[in-house]
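Data from final-v5.cif: mmCIF, C-alpha atoms and all ligand atoms
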data_target
#
loop_
_atom_site.label_atom_id
_atom_site.label_comp_id
_atom_site.auth_asym_id
_atom_site.auth_seq_id
_atom_site.Cartn_x
_atom_site.Cartn_y
_atom_site.Cartn_z
CA MET M 1 137.44 114.46 106.53
CA ALA M 2 137.41 113.87 102.76
CA GLY M 3 140.73 112.68 101.39
CA MET M 4 141.96 111.37 104.75
CA GLU M 5 144.69 108.75 104.48
CA PRO M 6 143.89 105.23 105.80
CA LEU M 7 146.62 105.40 108.39
CA GLU M 8 145.39 108.74 109.71
CA LEU M 9 141.84 107.35 109.98
CA ALA M 10 143.15 104.24 111.76
CA ARG M 11 144.97 106.42 114.28
CA ARG M 12 141.84 108.41 115.00
CA LEU M 13 139.80 105.20 115.47
CA LEU M 14 142.42 103.68 117.78
CA SER M 15 142.53 106.79 119.93
CA ALA M 16 138.70 106.84 120.30
CA GLY M 17 138.67 103.71 122.48
CA PRO M 18 139.56 100.01 122.48
CA ILE M 19 138.54 98.50 119.11
CA CYS M 20 139.17 94.92 117.91
CA ASP M 21 140.96 94.07 114.67
CA ARG M 22 137.75 92.98 112.92
CA CYS M 23 135.82 96.11 113.75
CA LEU M 24 138.81 98.26 112.79
CA GLY M 25 139.11 96.26 109.56
CA THR M 26 135.48 96.93 108.56
CA ARG M 27 136.34 100.64 108.09
CA PHE M 28 138.79 99.60 105.35
CA ALA M 29 136.93 96.64 103.83
CA ARG M 30 137.11 97.91 100.24
CA LEU M 31 140.76 98.85 100.42
CA GLY M 32 142.99 96.48 98.48
CA HIS M 33 142.30 92.81 97.86
CA GLY M 34 142.83 89.42 99.38
CA LEU M 35 142.81 90.38 103.04
CA SER M 36 140.23 89.58 105.71
CA ALA M 37 138.87 92.34 107.94
CA ALA M 38 140.92 90.96 110.83
CA GLU M 39 144.12 91.07 108.74
CA ARG M 40 143.43 94.64 107.61
CA GLY M 41 142.79 95.69 111.20
CA GLN M 42 145.95 93.97 112.36
CA LEU M 43 148.13 95.63 109.70
CA LEU M 44 146.75 99.09 110.36
CA ARG M 45 147.05 98.68 114.11
CA ALA M 46 150.69 97.65 113.73
CA ALA M 47 151.38 100.58 111.39
CA ALA M 48 149.68 103.01 113.77
CA GLY M 49 151.41 101.51 116.78
CA GLY M 50 148.25 100.48 118.65
CA VAL M 51 147.94 97.71 121.28
CA GLU M 52 145.91 94.52 120.69
CA VAL M 53 142.26 94.50 121.84
CA ASN M 54 139.98 91.49 122.40
CA SER M 55 136.47 91.48 120.95
CA GLU M 56 135.07 91.44 124.52
CA ASP M 57 136.75 94.77 125.23
CA CYS M 58 135.85 96.35 121.87
CA TRP M 59 133.58 99.39 122.15
CA VAL M 60 132.14 98.70 118.68
CA CYS M 61 131.07 95.05 118.76
CA GLY M 62 131.11 94.55 122.53
CA GLY M 63 132.26 90.94 122.20
CA LEU M 64 130.08 89.84 119.26
CA PHE M 65 132.98 88.31 117.37
CA SER M 66 133.92 86.12 120.31
CA LYS M 67 130.40 84.62 120.21
CA VAL M 68 130.73 83.55 116.58
CA PRO M 69 132.15 80.05 117.27
CA GLU M 70 129.20 79.22 119.54
CA TRP M 71 126.64 80.50 117.01
CA ALA M 72 128.32 78.55 114.23
CA ARG M 73 128.23 75.42 116.37
CA ARG M 74 124.53 75.91 117.11
CA ALA M 75 123.82 76.44 113.41
CA ALA M 76 125.59 73.18 112.59
CA GLU M 77 123.42 71.45 115.20
CA LEU M 78 120.22 72.89 113.72
CA ALA M 79 121.30 71.87 110.22
CA GLN M 80 121.96 68.30 111.19
CA GLY M 81 119.82 65.95 109.11
CA TYR M 82 119.02 68.63 106.50
CA GLU M 83 120.63 68.01 103.15
CA HIS M 84 121.84 71.35 101.79
CA ALA M 85 124.15 72.55 99.06
CA THR M 86 123.93 76.23 100.03
CA PHE M 87 123.45 78.31 103.14
CA LEU M 88 123.47 81.91 104.31
CA PHE M 89 123.85 83.67 107.63
CA GLY M 90 122.02 86.83 108.51
CA VAL M 91 121.94 88.87 111.69
CA HIS M 92 119.20 90.98 113.21
CA PRO M 93 121.24 93.84 114.62
CA SER M 94 120.61 94.91 118.18
CA PRO M 95 119.69 98.55 118.88
CA ARG M 96 123.14 98.88 120.45
CA LEU M 97 124.96 97.74 117.32
CA GLU M 98 122.77 99.98 115.13
CA ALA M 99 123.55 103.00 117.29
CA VAL M 100 127.28 102.23 117.34
CA GLN M 101 127.32 101.72 113.56
CA GLU M 102 125.59 105.04 113.03
CA PHE M 103 128.07 106.76 115.33
CA LEU M 104 131.02 105.16 113.48
CA ASP M 105 129.71 106.23 110.08
CA GLU M 106 129.12 109.75 111.30
CA ARG M 107 132.31 110.33 113.26
CA PHE M 108 134.74 108.15 111.29
CA PRO M 109 133.44 108.22 107.74
CA SER M 110 135.41 106.09 105.32
CA PRO M 111 134.97 105.50 101.60
CA TRP M 112 136.12 101.89 102.16
CA ALA M 113 133.79 100.98 105.04
CA GLU M 114 131.25 98.17 105.26
CA PRO M 115 128.85 97.51 108.15
CA VAL M 116 130.13 95.41 111.06
CA ARG M 117 127.02 93.26 110.52
CA ARG M 118 128.35 92.14 107.13
CA GLU M 119 131.67 91.03 108.62
CA LEU M 120 129.73 89.15 111.29
CA ASN M 121 127.72 87.32 108.61
CA ARG M 122 130.88 86.47 106.75
CA GLU M 123 132.68 85.21 109.84
CA LEU M 124 129.67 83.12 110.89
CA GLY M 125 129.68 81.51 107.43
CA ARG M 126 133.41 80.89 107.53
CA GLN M 127 133.29 79.20 110.90
CA TYR M 128 130.17 77.24 109.97
CA GLU M 129 131.90 75.84 106.88
CA ARG M 130 134.80 74.67 109.05
CA LEU M 131 132.40 72.60 111.18
CA LEU M 132 131.03 70.66 108.21
CA PRO M 133 132.28 67.14 107.58
CA GLU M 134 135.35 66.78 105.36
CA GLY M 135 134.43 66.87 101.68
CA SER M 136 131.07 68.61 102.08
CA GLU M 137 130.36 70.69 99.02
CA VAL M 138 128.40 73.43 100.67
CA SER M 139 128.67 77.08 99.73
CA VAL M 140 127.18 80.47 100.53
CA ASP M 141 124.26 81.54 98.36
CA PHE M 142 123.05 85.13 98.77
CA HIS M 143 120.08 84.67 96.48
CA ARG M 144 118.23 81.56 97.54
CA PRO M 145 120.05 79.42 100.10
CA ASP M 146 118.75 75.97 101.06
CA LEU M 147 119.30 76.86 104.71
CA GLN M 148 119.26 80.32 106.19
CA PHE M 149 120.43 81.04 109.72
CA ILE M 150 119.34 84.22 111.45
CA VAL M 151 121.19 85.35 114.55
CA ASP M 152 119.31 87.82 116.73
CA LEU M 153 121.99 89.96 118.33
CA GLU M 154 119.56 91.30 120.94
CA THR M 155 118.56 87.89 122.33
CA GLY M 156 121.55 85.87 121.13
CA LYS M 157 119.13 83.31 119.65
CA ILE M 158 119.67 81.62 116.33
CA THR M 159 116.93 80.28 114.06
CA MET M 160 117.00 78.30 110.83
CA LYS M 161 114.76 78.62 107.76
CA VAL M 162 114.64 75.67 105.38
CA ALA M 163 113.86 76.60 101.77
CA SER M 164 111.28 74.49 99.96
CA ALA M 165 112.37 71.93 97.37
CA PHE M 166 110.75 72.15 93.92
CA PHE M 167 110.14 69.57 91.23
CA PHE M 168 108.70 69.97 87.78
CA GLY M 169 106.51 67.38 86.10
CA ARG M 170 103.43 66.76 83.98
CA TYR M 171 100.33 64.92 85.01
CA ARG M 172 97.74 63.05 83.03
CA LYS M 173 94.30 62.62 84.59
CA LEU M 174 92.73 59.53 83.11
CA VAL M 175 89.37 59.55 84.89
CA ARG M 176 86.70 62.19 85.42
CA GLY M 177 85.55 63.58 88.75
CA ILE M 178 88.90 64.44 90.33
CA PRO M 179 89.75 68.05 91.14
CA GLN M 180 93.33 69.24 90.83
CA THR M 181 93.58 70.14 94.49
CA HIS M 182 91.66 69.19 97.60
CA TRP M 183 88.17 70.78 97.84
CA PRO M 184 86.60 71.30 101.23
CA CYS M 185 83.12 69.77 101.65
CA ARG M 186 80.46 72.33 100.63
CA ALA M 187 78.15 71.34 103.46
CA CYS M 188 80.59 71.60 106.37
CA ARG M 189 83.39 73.67 104.78
CA GLY M 190 85.93 71.04 105.70
CA ARG M 191 85.06 70.39 109.33
CA GLY M 192 83.63 66.95 108.59
CA CYS M 193 79.96 65.99 108.44
CA GLU M 194 77.66 63.10 107.46
CA ARG M 195 77.48 64.33 103.86
CA CYS M 196 81.26 63.95 103.39
CA ASN M 197 81.56 60.90 105.58
CA PHE M 198 83.52 63.03 108.06
CA THR M 199 86.42 63.47 105.64
CA GLY M 200 85.79 67.21 105.23
CA LYS M 201 86.28 66.70 101.50
CA GLN M 202 83.88 67.27 98.61
CA TYR M 203 85.77 64.75 96.47
CA PRO M 204 87.48 61.69 97.89
CA THR M 205 90.78 62.51 96.22
CA SER M 206 92.55 65.05 94.02
CA VAL M 207 95.47 65.15 91.62
CA GLU M 208 97.48 66.82 94.37
CA GLU M 209 96.63 64.15 96.93
CA LEU M 210 97.65 61.43 94.48
CA ILE M 211 100.97 63.06 93.62
CA LEU M 212 102.22 64.84 96.73
CA PRO M 213 102.66 62.04 99.31
CA ALA M 214 105.42 60.26 97.38
CA PHE M 215 107.39 63.53 97.24
CA LEU M 216 106.79 64.30 100.90
CA GLU M 217 108.01 60.91 101.93
CA ALA M 218 111.10 60.91 99.71
CA CYS M 219 112.08 64.43 100.78
CA GLN M 220 110.95 63.92 104.37
CA GLY M 221 109.18 67.26 104.07
CA GLU M 222 106.58 68.97 106.20
CA GLY M 223 103.70 69.46 103.77
CA GLY M 224 103.63 70.94 100.32
CA HIS M 225 101.64 72.04 97.29
CA LEU M 226 101.00 71.18 93.72
CA HIS M 227 101.10 74.30 91.53
CA GLY M 228 99.44 73.53 88.22
CA ALA M 229 99.72 75.35 84.90
CA GLY M 230 96.01 76.13 85.00
CA ARG M 231 93.49 73.41 85.75
CA GLU M 232 90.94 71.38 83.85
CA ASP M 233 87.36 71.05 85.02
CA ILE M 234 86.79 68.36 87.63
CA ASP M 235 84.75 66.33 85.11
CA ALA M 236 87.32 66.70 82.31
CA ARG M 237 90.19 64.30 81.67
CA MET M 238 93.72 65.56 81.02
CA LEU M 239 95.34 63.45 78.31
CA GLY M 240 98.26 63.72 75.86
CA ARG M 241 101.62 64.69 77.35
CA GLY M 242 99.83 65.97 80.41
CA ARG M 243 99.65 69.31 82.20
CA PRO M 244 102.80 70.93 83.60
CA PHE M 245 103.02 71.35 87.35
CA VAL M 246 105.53 72.21 90.04
CA VAL M 247 105.50 70.36 93.33
CA GLU M 248 106.73 72.31 96.32
CA VAL M 249 107.92 70.39 99.36
CA LYS M 250 108.27 72.42 102.54
CA ALA M 251 111.14 72.01 104.98
CA PRO M 252 112.67 69.02 103.16
CA ARG M 253 115.39 66.96 104.82
CA ARG M 254 116.32 65.41 101.48
CA ARG M 255 116.69 67.36 98.24
CA THR M 256 118.40 64.80 96.07
CA VAL M 257 115.76 62.18 95.47
CA ASP M 258 115.19 59.41 92.96
CA LEU M 259 112.55 60.93 90.69
CA GLU M 260 112.13 57.77 88.65
CA GLU M 261 111.29 55.89 91.79
CA ILE M 262 108.84 58.62 92.85
CA ALA M 263 107.14 58.52 89.43
CA ALA M 264 106.87 54.74 89.56
CA ARG M 265 105.35 54.88 93.00
CA ILE M 266 102.81 57.59 92.14
CA ASN M 267 101.76 55.80 88.98
CA GLU M 268 101.33 52.53 90.80
CA GLU M 269 99.45 53.93 93.78
CA ALA M 270 97.18 56.21 91.72
CA GLY M 271 95.73 53.05 90.21
CA GLY M 272 95.16 54.45 86.74
CA LYS M 273 93.50 57.65 87.88
CA VAL M 274 96.54 59.87 87.46
CA GLU M 275 99.96 59.45 85.85
CA VAL M 276 103.04 61.62 86.16
CA LEU M 277 105.82 62.00 83.61
CA ASP M 278 108.88 64.16 82.93
CA LEU M 279 109.77 64.69 86.60
CA ARG M 280 112.79 66.98 87.05
CA PRO M 281 114.39 69.04 89.81
CA ALA M 282 113.25 72.66 89.58
CA THR M 283 113.70 76.03 91.25
CA ALA M 284 111.25 78.38 92.94
CA ASP M 285 111.11 80.67 89.86
CA LEU M 286 109.36 77.95 87.95
CA VAL M 287 106.24 78.15 90.14
CA LYS M 288 105.34 81.57 88.73
CA LYS M 289 106.38 80.59 85.20
CA VAL M 290 104.14 77.54 85.31
CA LYS M 291 101.22 79.38 86.92
CA ASP M 292 101.40 82.21 84.39
CA LEU M 293 101.63 79.86 81.45
CA HIS M 294 98.84 80.63 79.01
CA ALA M 295 99.37 77.71 76.73
CA ASP M 296 97.17 76.87 73.77
CA LYS M 297 95.15 73.73 74.34
CA ARG M 298 93.54 71.06 72.24
CA TYR M 299 90.17 69.81 73.47
CA ARG M 300 87.78 67.07 72.50
CA ALA M 301 84.15 67.44 73.54
CA ARG M 302 81.06 65.32 73.23
CA VAL M 303 78.16 67.63 72.48
CA THR M 304 74.43 67.04 72.82
CA LEU M 305 72.18 69.03 70.47
CA GLU M 306 68.59 69.78 71.33
CA ARG M 307 67.37 69.09 67.76
CA PRO M 308 68.86 67.07 64.91
CA VAL M 309 71.34 68.84 62.62
CA SER M 310 73.05 67.84 59.38
CA GLU M 311 76.78 67.17 58.97
CA GLU M 312 76.95 70.22 56.75
CA ALA M 313 75.30 72.52 59.26
CA LEU M 314 77.70 71.29 61.95
CA ARG M 315 80.72 71.81 59.69
CA GLU M 316 79.61 75.34 58.82
CA ALA M 317 78.94 76.27 62.43
CA LEU M 318 82.35 74.95 63.51
CA ALA M 319 84.07 76.90 60.72
CA GLY M 320 82.30 80.00 62.01
CA LEU M 321 83.92 79.59 65.42
CA VAL M 322 87.47 79.97 64.12
CA GLY M 323 88.71 83.44 65.00
CA GLU M 324 88.19 85.73 67.95
CA ILE M 325 85.65 84.83 70.64
CA LYS M 326 84.29 87.34 73.13
CA GLN M 327 83.72 85.56 76.38
CA ARG M 328 82.27 86.93 79.57
CA THR M 329 83.37 85.11 82.74
CA PRO M 330 81.11 82.01 82.76
CA ILE M 331 78.08 82.05 85.04
CA ARG M 332 79.35 78.92 86.81
CA VAL M 333 82.61 80.55 87.94
CA ARG M 334 81.42 84.15 88.36
CA HIS M 335 81.15 83.68 92.13
CA ARG M 336 84.91 83.17 92.43
CA ARG M 337 86.41 84.89 89.38
CA ALA M 338 86.31 88.54 88.33
CA ASP M 339 83.40 89.22 85.98
CA LEU M 340 84.93 90.53 82.77
CA VAL M 341 84.87 90.00 79.02
CA ARG M 342 87.90 88.21 77.54
CA ARG M 343 88.90 87.93 73.91
CA ARG M 344 90.36 84.56 73.05
CA ARG M 345 91.08 82.87 69.74
CA VAL M 346 89.87 79.57 68.42
CA HIS M 347 92.59 78.37 66.01
CA GLN M 348 90.86 75.23 64.77
CA ALA M 349 87.41 73.69 65.16
CA THR M 350 86.49 70.33 63.63
CA GLY M 351 83.96 67.61 64.37
CA LYS M 352 81.56 64.95 63.25
CA LEU M 353 78.08 63.76 64.12
CA LEU M 354 77.78 60.59 66.18
CA SER M 355 74.00 60.71 65.74
CA PRO M 356 71.69 63.50 64.49
CA THR M 357 71.65 65.01 68.00
CA GLU M 358 75.14 64.16 69.19
CA ALA M 359 78.54 65.34 67.96
CA GLU M 360 82.19 64.92 68.77
CA VAL M 361 84.13 68.11 68.25
CA GLU M 362 87.76 69.18 68.63
CA PHE M 363 89.02 72.68 69.31
CA LEU M 364 92.50 74.10 69.29
CA CYS M 365 92.27 77.34 71.21
CA GLU M 366 94.08 79.92 73.24
CA GLY M 367 94.64 79.33 76.94
CA GLY M 368 91.91 80.76 79.13
CA LEU M 369 89.00 80.05 76.77
CA TYR M 370 86.15 78.20 78.45
CA VAL M 371 85.15 75.40 76.08
CA LYS M 372 81.84 74.40 77.66
CA GLU M 373 80.61 77.97 77.14
CA LEU M 374 82.07 78.08 73.63
CA VAL M 375 79.58 75.31 72.88
CA SER M 376 76.58 76.45 74.93
CA GLY M 377 76.93 80.23 74.53
CA ASP M 378 76.35 80.63 78.28
CA GLU M 379 73.15 82.66 77.89
CA GLY M 380 74.80 85.04 75.46
CA GLY M 381 77.96 85.47 77.56
CA THR M 382 80.10 83.79 74.88
CA HIS M 383 79.88 85.07 71.31
CA PRO M 384 79.98 83.47 68.85
CA SER M 385 79.17 80.02 70.19
CA LEU M 386 78.32 76.68 68.60
CA ALA M 387 74.73 76.90 69.87
CA GLU M 388 74.36 80.42 68.46
CA LEU M 389 75.73 79.43 65.04
CA LEU M 390 73.57 76.29 64.86
CA GLY M 391 70.55 78.16 66.16
CA ILE M 392 69.73 75.43 68.68
CA PRO M 393 70.75 74.75 72.30
CA ALA M 394 73.90 72.64 72.60
CA ARG M 395 75.91 71.49 75.58
CA VAL M 396 79.07 69.58 76.40
CA THR M 397 78.48 66.22 78.08
CA GLU M 398 82.11 65.04 78.14
CA LEU M 399 85.32 67.02 77.88
CA ASP M 400 88.94 65.97 77.48
CA VAL M 401 92.02 68.14 77.28
CA LEU M 402 94.00 66.35 74.57
CA GLU M 403 97.12 68.49 74.81
CA VAL M 404 98.56 71.46 76.64
CA LEU M 405 100.85 73.08 74.07
CA ASP M 406 103.08 74.75 76.62
CA ASN M 407 106.44 74.97 74.82
CA LEU M 408 108.29 74.26 78.06
CA ARG M 409 111.67 72.97 77.05
CA LEU M 410 114.40 71.49 79.12
CA ARG M 411 117.67 73.38 78.85
CA GLU M 412 120.37 71.69 80.88
CA ALA M 413 119.03 71.47 84.43
CA SER M 414 116.64 74.39 84.27
CA LEU M 415 113.43 74.87 82.38
CA SER M 416 112.61 77.80 80.20
CA CYS M 417 109.63 79.03 78.27
CA GLU M 418 110.23 79.30 74.57
CA GLU M 419 108.23 81.09 71.95
CA ASP M 420 107.20 78.39 69.57
CA ASN M 421 104.19 78.75 67.36
CA ALA M 422 104.95 75.73 65.23
CA HIS M 423 101.46 74.31 65.58
CA ARG M 424 99.73 77.39 64.16
ZN ZN M 501 134.95 94.63 117.72
ZN ZN M 502 81.19 67.70 105.16
#

Encoded form using C-alpha cells:
Amino acid sequence: MAGMEPLELARRLLSAGPICDRCLGTRFARLGHGLSAAERGQLLRAAAGGVEVNSEDCWVCGGLFSKVPEWARRAAELAQGYEHATFLFGVHPSPRLEAVQEFLDERFPSPWAEPVRRELNRELGRQYERLLPEGSEVSVDFHRPDLQFIVDLETGKITMKVASAFFFGRYRKLVRGIPQTHWPCRACRGRGCERCNFTGKQYPTSVEELILPAFLEACQGEGGHLHGAGREDIDARMLGRGRPFVVEVKAPRRRTVDLEEIAARINEEAGGKVEVLDLRPATADLVKKVKDLHADKRYRARVTLERPVSEEALREALAGLVGEIKQRTPIRVRHRRADLVRRRRVHQATGKLLSPTEAEVEFLCEGGLYVKELVSGDEGGTHPSLAELLGIPARVTELDVLEVLDNLRLREASLSCEEDNAHR
C-alpha cells in the first residue's frame, strides 16, 4: 500500500462502508494546510464521487461527532462560575472506537492519518469556544489547562478537572512556638482529646493556618497547601526578607485575585505572629523549585555554656567552625528522617559573650545544616561543633533565621532561580 495516492485511498475507504466527512478527513490530516478534517473529507469525497454520510450512519465513529454539541454544552455548564484562561478536552475512547481505529490503521494505512480521537478533542474544543460569552479570552492549553474536560465515550459522561491556582510569597514568623504546617496532637493523633482541648492539634496555629484562609476565600477554593522552601524549627523565628513559599489553592473559582488585599488581610489577622510579603501569581513548576531550594541561611543563636569562657576562647572556637562540617542526622529528627552523614559548609561564624556563660552567635551556612547541633555537637553526631571546640557543653536556647539567601528573582511574571554567590 506504500506510495498510494490520496484519491485512491479515499476511494478504497468510501467503498468499505458509509464513512462521515470527519472520519474520512482524519486519514488525511497531515496532508496540506489550512483545512479542517471535515473539509478534507468533503473534498476527497467529491473528487472520488461518493455520497454524503451522516455521523450517525458512519461505521467509524458511529455517531460520535453528532454528540459533540451536547458534550460541549455540558462542559460549558460545568465550567460556569470557574474563571479560566485555558482549557483542554480529552476523551477516554470506548473499546469499540479503539477496535475500529486499529482496523482502520491496519487496513487503510496512511502516512497522513491521525486518530479519530484527536479530531473529536479538537471539535469539542471548537464548539466549546463558540459557547463562551463574546469577548472571552480563553484558549486551548495542551500542557497545563485551568480546566480539563474528559468525555468517556463508553458511558457518554463528561467530567471536569480544575487545576490548582498557585501563588508565590515569603513569610516572616515573628514569634516562637508556631510550626509551619498543622501538627496533629501527639496524644490523640488528631482525633481530639482533653490534652489538645479537642482541637486535634499539637499547636493552636501554624504558619499555614495563618496564611491559607485568605487565599481560599479570595479564590473560592476547596482547600489547599503551603509549600515552604524548607522550614525553621517550631521554636525559631523567621526574620529578614522571610522564607519563600508557594500556596496552592485547589479547585479555585477565581484565579485573578487582589494579592495586595490578601497580604493586608493576612498581616492584620495574624496579629503580629506572621507576615507575608512579595506575593505574586505563580505556576505549578514553582512548587518543586521552592521545595528543592537549598539556600544558604544566616542564623542568630543565643547559646548557654556550662562553664564560663573568655571572649578569646569563644572567638577561636567560632573561627574553627568555618569550613566543612560533618553532620549525622540529628537525634531529635532521626525518627522521621533518614539517618545519614551530611557534609555542609559554615561560611561565617561570629559572636560575643553576653555573660561568661552566655553568648550570642551568628552563622552563615549552607542550607540543610542543623544549627542547634552545630552548637551542641549532638553527642558526637556533628563534628566539629562549638561545644567540641570549646571543650564544654553548649546549647542553643533561642534561634532566629535572619535571612534565607535564596536568589529567587522575579523575571517578568515568572520566577526563576539564579546562581548568585555575591554574599560569599
Ligand atoms: Zn464518522
Ligand atoms: Zn489530642

Contacts with ligand ZN 501 (chain M) at most 10 Å, all atoms listed in the file counted, listed as a PDB file with C-alpha atoms, in the frame of the given file:
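Generated output (result.pdb):
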ATOM      1  CA  PRO M  18     139.560 100.010 122.480  1.00  0.00           C
ATOM      2  CA  ILE M  19     138.540  98.500 119.110  1.00  0.00           C
ATOM      3  CA  CYS M  20     139.170  94.920 117.910  1.00  0.00           C
ATOM      4  CA  ASP M  21     140.960  94.070 114.670  1.00  0.00           C
ATOM      5  CA  ARG M  22     137.750  92.980 112.920  1.00  0.00           C
ATOM      6  CA  CYS M  23     135.820  96.110 113.750  1.00  0.00           C
ATOM      7  CA  LEU M  24     138.810  98.260 112.790  1.00  0.00           C
ATOM      8  CA  GLY M  25     139.110  96.260 109.560  1.00  0.00           C
ATOM      9  CA  THR M  26     135.480  96.930 108.560  1.00  0.00           C
ATOM     10  CA  ALA M  38     140.920  90.960 110.830  1.00  0.00           C
ATOM     11  CA  VAL M  53     142.260  94.500 121.840  1.00  0.00           C
ATOM     12  CA  ASN M  54     139.980  91.490 122.400  1.00  0.00           C
ATOM     13  CA  SER M  55     136.470  91.480 120.950  1.00  0.00           C
ATOM     14  CA  GLU M  56     135.070  91.440 124.520  1.00  0.00           C
ATOM     15  CA  ASP M  57     136.750  94.770 125.230  1.00  0.00           C
ATOM     16  CA  CYS M  58     135.850  96.350 121.870  1.00  0.00           C
ATOM     17  CA  TRP M  59     133.580  99.390 122.150  1.00  0.00           C
ATOM     18  CA  VAL M  60     132.140  98.700 118.680  1.00  0.00           C
ATOM     19  CA  CYS M  61     131.070  95.050 118.760  1.00  0.00           C
ATOM     20  CA  GLY M  62     131.110  94.550 122.530  1.00  0.00           C
ATOM     21  CA  GLY M  63     132.260  90.940 122.200  1.00  0.00           C
ATOM     22  CA  LEU M  64     130.080  89.840 119.260  1.00  0.00           C
ATOM     23  CA  PHE M  65     132.980  88.310 117.370  1.00  0.00           C
ATOM     24  CA  SER M  66     133.920  86.120 120.310  1.00  0.00           C
ATOM     25  CA  VAL M 116     130.130  95.410 111.060  1.00  0.00           C
ATOM     26  CA  LEU M 120     129.730  89.150 111.290  1.00  0.00           C
TER      27      LEU M 120
END

Could you report the residues within 12 Å of ligand ZN 502 (chain M), using all atoms listed in the file, as a ChimeraX atom specification? /M:183-204

Considering only C-alpha atoms, return as a PyMOL selection string whatever protein or nucleic-acid residues lie within 9 Å of Arg231 of chain M, sequence-local ones (same chain, fewer than 6 positions apart) excluded. chain M and resi 179-180+243

Compile the contact shell of His225 of chain M as a ChimeraX atom specification: residues with an atom at most 10 Å away, counting all atoms listed in the file, same-chain residues fewer than 5 positions apart removed. /M:166,181,208-209,211-212,216,246-250

Could you pull out every residue with an atom within 8 Å of (74.5, 72.4, 77.3), file coordinates, counting all atoms listed in the file, and send them as a PyMOL selection string? chain M and resi 303-305+372+375-376+393-397

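Between atom CA of Ala229 of chain M and atom CA of Ala85 of chain M lies a distance of 28.4 Å.
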
Name all residues at most 12 Å from Asn267 of chain M (count all atoms listed in the file; drop same-chain ones fewer than 2 positions away) and give them as a list in words.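 The filter keeps Tyr171, Arg172, Lys173, Leu174, Val207, Leu210, Ile211, Leu212, Ala214, Glu260, Glu261, Ile262, Ala263, Ala264, Arg265, Glu269, Ala270, Gly271, Gly272, Lys273, Val274, Glu275, Val276 and Leu277 of chain M.
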
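The interatomic distance for the pair atom CA of Glu398 of chain M and atom CA of Lys297 of chain M works out to 16.1 Å.
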
As a PyMOL selection string, please: the residues near Pro356 of chain M (cut-off 12 Å, only C-alpha atoms, same-chain neighbours under 5 positions excluded). chain M and resi 303-314

From the list M:Ile158, M:Val346, M:Leu226, M:Leu259, which residue is nearest Ala79 of chain M when using only C-alpha atoms?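 The closest residue to Ala79 of chain M is M:Ile158.
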
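Atom pair atom CA of Asp152 of chain M / atom CA of Leu104 of chain M has a distance of 21.2 Å (rounded to one decimal).
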
Would you kindly return, as a VMD selection string, each protein, DNA or RNA residue with an atom no farther than 7 Å from any atom of segment 145-148 of chain M, considering only C-alpha atoms and excluding same-chain residues fewer than 4 positions away? chain M and resid 84 to 89 141 160 to 163

Identify which of the residues M:Cys365, M:Ala29, M:Leu35, M:Ala99 lies closest to Leu402 of chain M, counting only C-alpha atoms when measuring atom-to-atom distances. M:Cys365

At a cut-off of 9 Å, can you tabulate as a tab-separated table every residue of segment 101-196 of chain M near segment 31-34 of chain M together with its closest atom pair and the distance in Å to one decimal, using only C-alpha atoms and ordering rows by chain then number?
residue	atom	partner	partner_atom	distance
M:Pro111	CA	M:Leu31	CA	8.9
M:Trp112	CA	M:Leu31	CA	5.8
M:Ala113	CA	M:Leu31	CA	8.6

Nearest candidate to Arg343 of chain M (options M:Val361, M:Gly323, M:Glu232, M:Arg118; using all atoms listed in the file): M:Gly323

Here is a test: counting all atoms listed in the file, which residue of M:Ala75, M:Glu52, M:Asp339, M:Leu318 is nearest to Leu386 of chain M? M:Leu318
